[in-house]
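Below is data.txt, holding compact mmCIF, C-alpha atoms.
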```
# COMPACT_ATOMS: atom_id res chain seq x y z
CA GLN O 1 0.00 0.00 0.00
CA VAL O 2 1.38 3.40 -1.04
CA GLN O 3 1.00 6.49 1.11
CA LEU O 4 1.84 10.09 0.22
CA MET O 5 2.76 12.84 2.68
CA GLU O 6 2.87 16.46 1.54
CA SER O 7 4.64 19.35 3.22
CA GLY O 8 5.63 22.92 2.47
CA GLY O 9 2.37 24.77 2.08
CA GLY O 10 1.65 28.07 3.80
CA LEU O 11 0.90 31.75 3.42
CA VAL O 12 2.96 33.92 1.10
CA GLN O 13 2.61 37.34 -0.48
CA ALA O 14 2.05 37.74 -4.20
CA GLY O 15 5.33 37.44 -6.06
CA GLY O 16 6.78 35.15 -3.43
CA SER O 17 7.87 31.53 -3.57
CA LEU O 18 7.07 28.24 -1.89
CA ARG O 19 8.41 24.73 -2.28
CA LEU O 20 6.14 21.75 -1.81
CA SER O 21 7.43 18.26 -1.09
CA CYS O 22 5.69 14.91 -1.27
CA ALA O 23 7.26 11.73 0.05
CA ALA O 24 5.90 8.35 -0.96
CA SER O 25 6.16 5.31 1.26
CA GLY O 26 5.20 1.69 0.90
CA SER O 27 5.60 -0.75 -1.95
CA ILE O 28 6.48 1.44 -4.92
CA ALA O 29 7.25 0.17 -8.36
CA SER O 30 10.11 1.89 -10.14
CA MET O 31 7.86 2.90 -13.04
CA ASN O 32 5.41 5.52 -11.86
CA VAL O 33 4.16 9.02 -12.44
CA MET O 34 4.03 11.59 -9.67
CA GLY O 35 2.42 14.96 -9.81
CA TRP O 36 0.62 17.86 -8.25
CA TYR O 37 -2.99 18.91 -8.59
CA ARG O 38 -4.84 21.76 -6.94
CA GLN O 39 -8.37 22.61 -5.95
CA ALA O 40 -9.55 26.12 -5.20
CA PRO O 41 -12.80 26.80 -3.31
CA GLY O 42 -15.79 26.19 -5.54
CA LYS O 43 -13.68 24.81 -8.38
CA GLN O 44 -12.80 21.38 -9.67
CA ARG O 45 -9.45 19.78 -8.98
CA GLU O 46 -7.00 20.55 -11.80
CA LEU O 47 -3.63 19.34 -12.94
CA VAL O 48 -0.65 21.52 -12.08
CA ALA O 49 2.31 19.39 -13.14
CA ILE O 50 3.33 15.76 -13.46
CA ILE O 51 6.67 14.02 -13.88
CA SER O 52 7.49 10.50 -14.96
CA SER O 53 9.96 8.25 -13.19
CA GLY O 54 12.29 9.02 -16.10
CA GLY O 55 12.13 12.72 -15.23
CA ARG O 56 9.97 14.03 -18.06
CA PRO O 57 7.76 16.89 -16.81
CA ASN O 58 4.48 18.25 -18.10
CA TYR O 59 2.89 21.48 -16.92
CA ALA O 60 -0.47 23.16 -17.05
CA ASP O 61 -0.28 26.28 -19.19
CA PHE O 62 -1.07 28.56 -16.26
CA VAL O 63 2.13 27.58 -14.40
CA LYS O 64 4.62 27.36 -17.24
CA GLY O 65 7.63 29.52 -16.52
CA ARG O 66 6.70 29.93 -12.85
CA PHE O 67 6.56 26.41 -11.36
CA THR O 68 9.12 23.61 -11.61
CA ILE O 69 8.45 19.99 -10.79
CA SER O 70 11.29 17.63 -9.94
CA ARG O 71 11.79 14.31 -8.23
CA ASP O 72 14.34 12.29 -6.32
CA ASN O 73 13.74 8.63 -7.16
CA ALA O 74 16.09 7.42 -4.43
CA LYS O 75 13.88 9.17 -1.87
CA ASN O 76 10.57 8.55 -3.67
CA THR O 77 9.94 12.26 -3.32
CA VAL O 78 8.50 14.81 -5.71
CA TYR O 79 8.91 18.57 -5.36
CA LEU O 80 7.09 21.58 -6.70
CA GLN O 81 9.01 24.85 -6.70
CA MET O 82 6.52 27.68 -7.06
CA ASN O 83 7.80 31.13 -7.96
CA SER O 84 6.05 34.39 -8.85
CA LEU O 85 2.98 33.24 -6.96
CA LYS O 86 -0.34 34.95 -7.62
CA PRO O 87 -3.51 35.17 -5.54
CA ALA O 88 -5.11 32.94 -8.20
CA ASP O 89 -2.71 30.18 -7.13
CA THR O 90 -4.46 29.95 -3.76
CA ALA O 91 -5.73 26.39 -3.38
CA ILE O 92 -5.23 23.08 -1.66
CA TYR O 93 -2.40 21.30 -3.45
CA TYR O 94 -2.59 17.53 -3.68
CA CYS O 95 0.21 15.12 -4.43
CA ASN O 96 -0.63 12.20 -6.71
CA MET O 97 1.08 8.99 -7.75
CA ILE O 98 0.02 6.60 -10.47
CA VAL O 99 1.78 3.28 -10.05
CA GLY O 100 0.55 0.17 -11.77
CA PRO O 101 -3.24 -0.01 -11.39
CA TYR O 102 -3.23 2.34 -8.42
CA ASN O 103 -4.01 6.05 -8.30
CA VAL O 104 -2.95 7.41 -4.91
CA TRP O 105 -3.64 10.82 -3.40
CA GLY O 106 -2.13 12.71 -0.52
CA GLN O 107 -4.26 14.61 1.97
CA GLY O 108 -3.35 18.00 0.55
CA THR O 109 -1.53 21.09 1.73
CA GLN O 110 -2.96 24.60 1.75
CA VAL O 111 -1.26 27.33 -0.26
CA THR O 112 -2.55 30.85 0.29
CA VAL O 113 -1.22 33.81 -1.70
CA SER O 114 -2.15 37.25 -0.41
CA SER O 115 -2.34 40.32 -2.63
```
Can you turn what I pasted into structure tokens?
Amino acid sequence: QVQLMESGGGLVQAGGSLRLSCAASGSIASMNVMGWYRQAPGKQRELVAIISSGGRPNYADFVKGRFTISRDNAKNTVYLQMNSLKPADTAIYYCNMIVGPYNVWGQGTQVTVSS
């Protein structure tokens, strides 16, 4: 059973930066995809960025040039470096892992960007 634990959320002013981390534990196959999604109040959950175990990233258009996703396979950890944050980035950020037939979610971490 795979479990995900996020950390690094918080309150930041517009233009600031935050770094989210997500550590996976349990029985993890080497081939997997990890990523970040977010859900703002009253909105559906949306993709932010994903990265394959081979290190290939994909980003939502609204974060290109501002956010960077990376991973450390030895630590089964994925990171999201968020720069130039905007109030519109305020949301709960969820870590996700797709491994084999399983789609695993973390509990989420709140990111609040003040204007």
From the options O:Asn103, O:Asn32, O:Asp89, O:Cys95, which residue's atoms come nearest to Gly16 (chain O), counting only C-alpha atoms?
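Nearest to Gly16 (chain O): O:Asp89.
Using only C-alpha atoms, the smallest distance between any of O:Thr109, O:Ser21, O:Ser7, O:Gln13 and Thr77 (chain O) comes from O:Ser21.
Considering all atoms listed in the file, the residue among O:Ile69, O:Ala49, O:Ile92, O:Met5 positioned nearest to Ala23 (chain O) is O:Met5.
Every protein or nucleic acid residue with an atom no more than 10 Å from Tyr94 (chain O), counting all atoms listed in the file and leaving out same-chain residues fewer than 2 positions away, appears here: Leu4, Met5, Glu6, Leu20, Cys22, Gly35, Trp36, Tyr37, Arg38, Gln39, Arg45, Glu46, Leu47, Val48, Ala91, Ile92, Asn96, Trp105, Gly106, Gln107, Gly108, Thr109 and Gln110 of chain O.
For the residues O:Gln44, O:Asn76, O:Asn58, O:Gln3, ranking by smallest atom-to-atom distance to Met31 (chain O) using all atoms listed in the file places O:Asn76 first.
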Using all atoms listed in the file for the distances, tell me which of O:Ala29, O:Ile98, O:Leu18, O:Val111 is nearest to Thr68 (chain O).
O:Leu18
Residues at most 12 Å from Ala88 (chain O), counting only C-alpha atoms, excluding those fewer than 2 positions away in the same chain, as an NGL selection string?
:O and (13-15 or 38-41 or 43 or 62-63 or 84-86 or 90-92 or 111-115)
Do you have the CA of Pro57 (chain O)-CA of Ser25 (chain O) distance handy?
21.5 Å
Atom pair CA of Ala24 (chain O) / CA of Gln81 (chain O): separation (Å):
17.7 Å
Please determine, counting all atoms listed in the file, which residue among O:Ser27, O:Asn83, O:Ser70, O:Ser52 has the shortest atom-to-atom distance to Val2 (chain O).
O:Ser27
Separation of CA of Val104 (chain O) and CA of Phe67 (chain O), in Å?
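CA of Val104 (chain O) sits 22.2 Å away from CA of Phe67 (chain O).
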Any chance you could model N, CA, C and O atoms for region 82-99 of chain O and send them as an mmCIF file, in the frame of the given file?
```
data_model
loop_
_atom_site.group_PDB
_atom_site.id
_atom_site.type_symbol
_atom_site.label_atom_id
_atom_site.label_comp_id
_atom_site.auth_asym_id
_atom_site.auth_seq_id
_atom_site.Cartn_x
_atom_site.Cartn_y
_atom_site.Cartn_z
ATOM 1 N N MET O 82 7.499 26.712 -6.561
ATOM 2 C CA MET O 82 6.520 27.680 -7.060
ATOM 3 C C MET O 82 7.073 29.089 -6.883
ATOM 4 O O MET O 82 7.291 29.527 -5.747
ATOM 5 N N ASN O 83 7.292 29.770 -7.985
ATOM 6 C CA ASN O 83 7.800 31.130 -7.960
ATOM 7 C C ASN O 83 6.752 32.084 -8.563
ATOM 8 O O ASN O 83 5.818 31.654 -9.236
ATOM 9 N N SER O 84 6.945 33.353 -8.312
ATOM 10 C CA SER O 84 6.050 34.390 -8.850
ATOM 11 C C SER O 84 4.591 34.041 -8.563
ATOM 12 O O SER O 84 3.731 34.101 -9.443
ATOM 13 N N LEU O 85 4.326 33.684 -7.330
ATOM 14 C CA LEU O 85 2.980 33.240 -6.960
ATOM 15 C C LEU O 85 1.976 34.381 -7.067
ATOM 16 O O LEU O 85 2.292 35.550 -6.812
ATOM 17 N N LYS O 86 0.756 34.008 -7.449
ATOM 18 C CA LYS O 86 -0.340 34.950 -7.620
ATOM 19 C C LYS O 86 -1.490 34.570 -6.695
ATOM 20 O O LYS O 86 -1.621 33.409 -6.318
ATOM 21 N N PRO O 87 -2.341 35.520 -6.344
ATOM 22 C CA PRO O 87 -3.510 35.170 -5.540
ATOM 23 C C PRO O 87 -4.345 34.047 -6.176
ATOM 24 O O PRO O 87 -4.926 33.234 -5.464
ATOM 25 N N ALA O 88 -4.361 33.988 -7.503
ATOM 26 C CA ALA O 88 -5.110 32.940 -8.200
ATOM 27 C C ALA O 88 -4.526 31.546 -7.976
ATOM 28 O O ALA O 88 -5.174 30.545 -8.296
ATOM 29 N N ASP O 89 -3.320 31.478 -7.437
ATOM 30 C CA ASP O 89 -2.710 30.180 -7.130
ATOM 31 C C ASP O 89 -3.175 29.627 -5.780
ATOM 32 O O ASP O 89 -2.816 28.503 -5.409
ATOM 33 N N THR O 90 -3.948 30.401 -5.043
ATOM 34 C CA THR O 90 -4.460 29.950 -3.760
ATOM 35 C C THR O 90 -5.345 28.720 -3.943
ATOM 36 O O THR O 90 -6.301 28.737 -4.718
ATOM 37 N N ALA O 91 -5.004 27.643 -3.241
ATOM 38 C CA ALA O 91 -5.730 26.390 -3.380
ATOM 39 C C ALA O 91 -5.149 25.365 -2.405
ATOM 40 O O ALA O 91 -4.106 25.600 -1.784
ATOM 41 N N ILE O 92 -5.821 24.244 -2.314
ATOM 42 C CA ILE O 92 -5.230 23.080 -1.660
ATOM 43 C C ILE O 92 -4.485 22.305 -2.744
ATOM 44 O O ILE O 92 -5.063 21.988 -3.793
ATOM 45 N N TYR O 93 -3.244 22.017 -2.495
ATOM 46 C CA TYR O 93 -2.400 21.300 -3.450
ATOM 47 C C TYR O 93 -2.276 19.841 -3.016
ATOM 48 O O TYR O 93 -1.909 19.557 -1.869
ATOM 49 N N TYR O 94 -2.583 18.959 -3.948
ATOM 50 C CA TYR O 94 -2.590 17.530 -3.680
ATOM 51 C C TYR O 94 -1.480 16.836 -4.465
ATOM 52 O O TYR O 94 -1.323 17.053 -5.668
ATOM 53 N N CYS O 95 -0.765 15.977 -3.777
ATOM 54 C CA CYS O 95 0.210 15.120 -4.430
ATOM 55 C C CYS O 95 -0.498 13.879 -4.966
ATOM 56 O O CYS O 95 -1.464 13.396 -4.357
ATOM 57 N N ASN O 96 -0.019 13.380 -6.085
ATOM 58 C CA ASN O 96 -0.630 12.200 -6.710
ATOM 59 C C ASN O 96 0.446 11.274 -7.243
ATOM 60 O O ASN O 96 1.493 11.732 -7.729
ATOM 61 N N MET O 97 0.186 9.990 -7.142
ATOM 62 C CA MET O 97 1.080 8.990 -7.750
ATOM 63 C C MET O 97 0.235 7.965 -8.483
ATOM 64 O O MET O 97 -0.738 7.441 -7.929
ATOM 65 N N ILE O 98 0.616 7.697 -9.708
ATOM 66 C CA ILE O 98 0.020 6.600 -10.470
ATOM 67 C C ILE O 98 1.088 5.527 -10.604
ATOM 68 O O ILE O 98 2.143 5.763 -11.209
ATOM 69 N N VAL O 99 0.811 4.378 -10.021
ATOM 70 C CA VAL O 99 1.780 3.280 -10.050
ATOM 71 C C VAL O 99 1.004 1.994 -10.279
ATOM 72 O O VAL O 99 0.140 1.621 -9.482
#
```
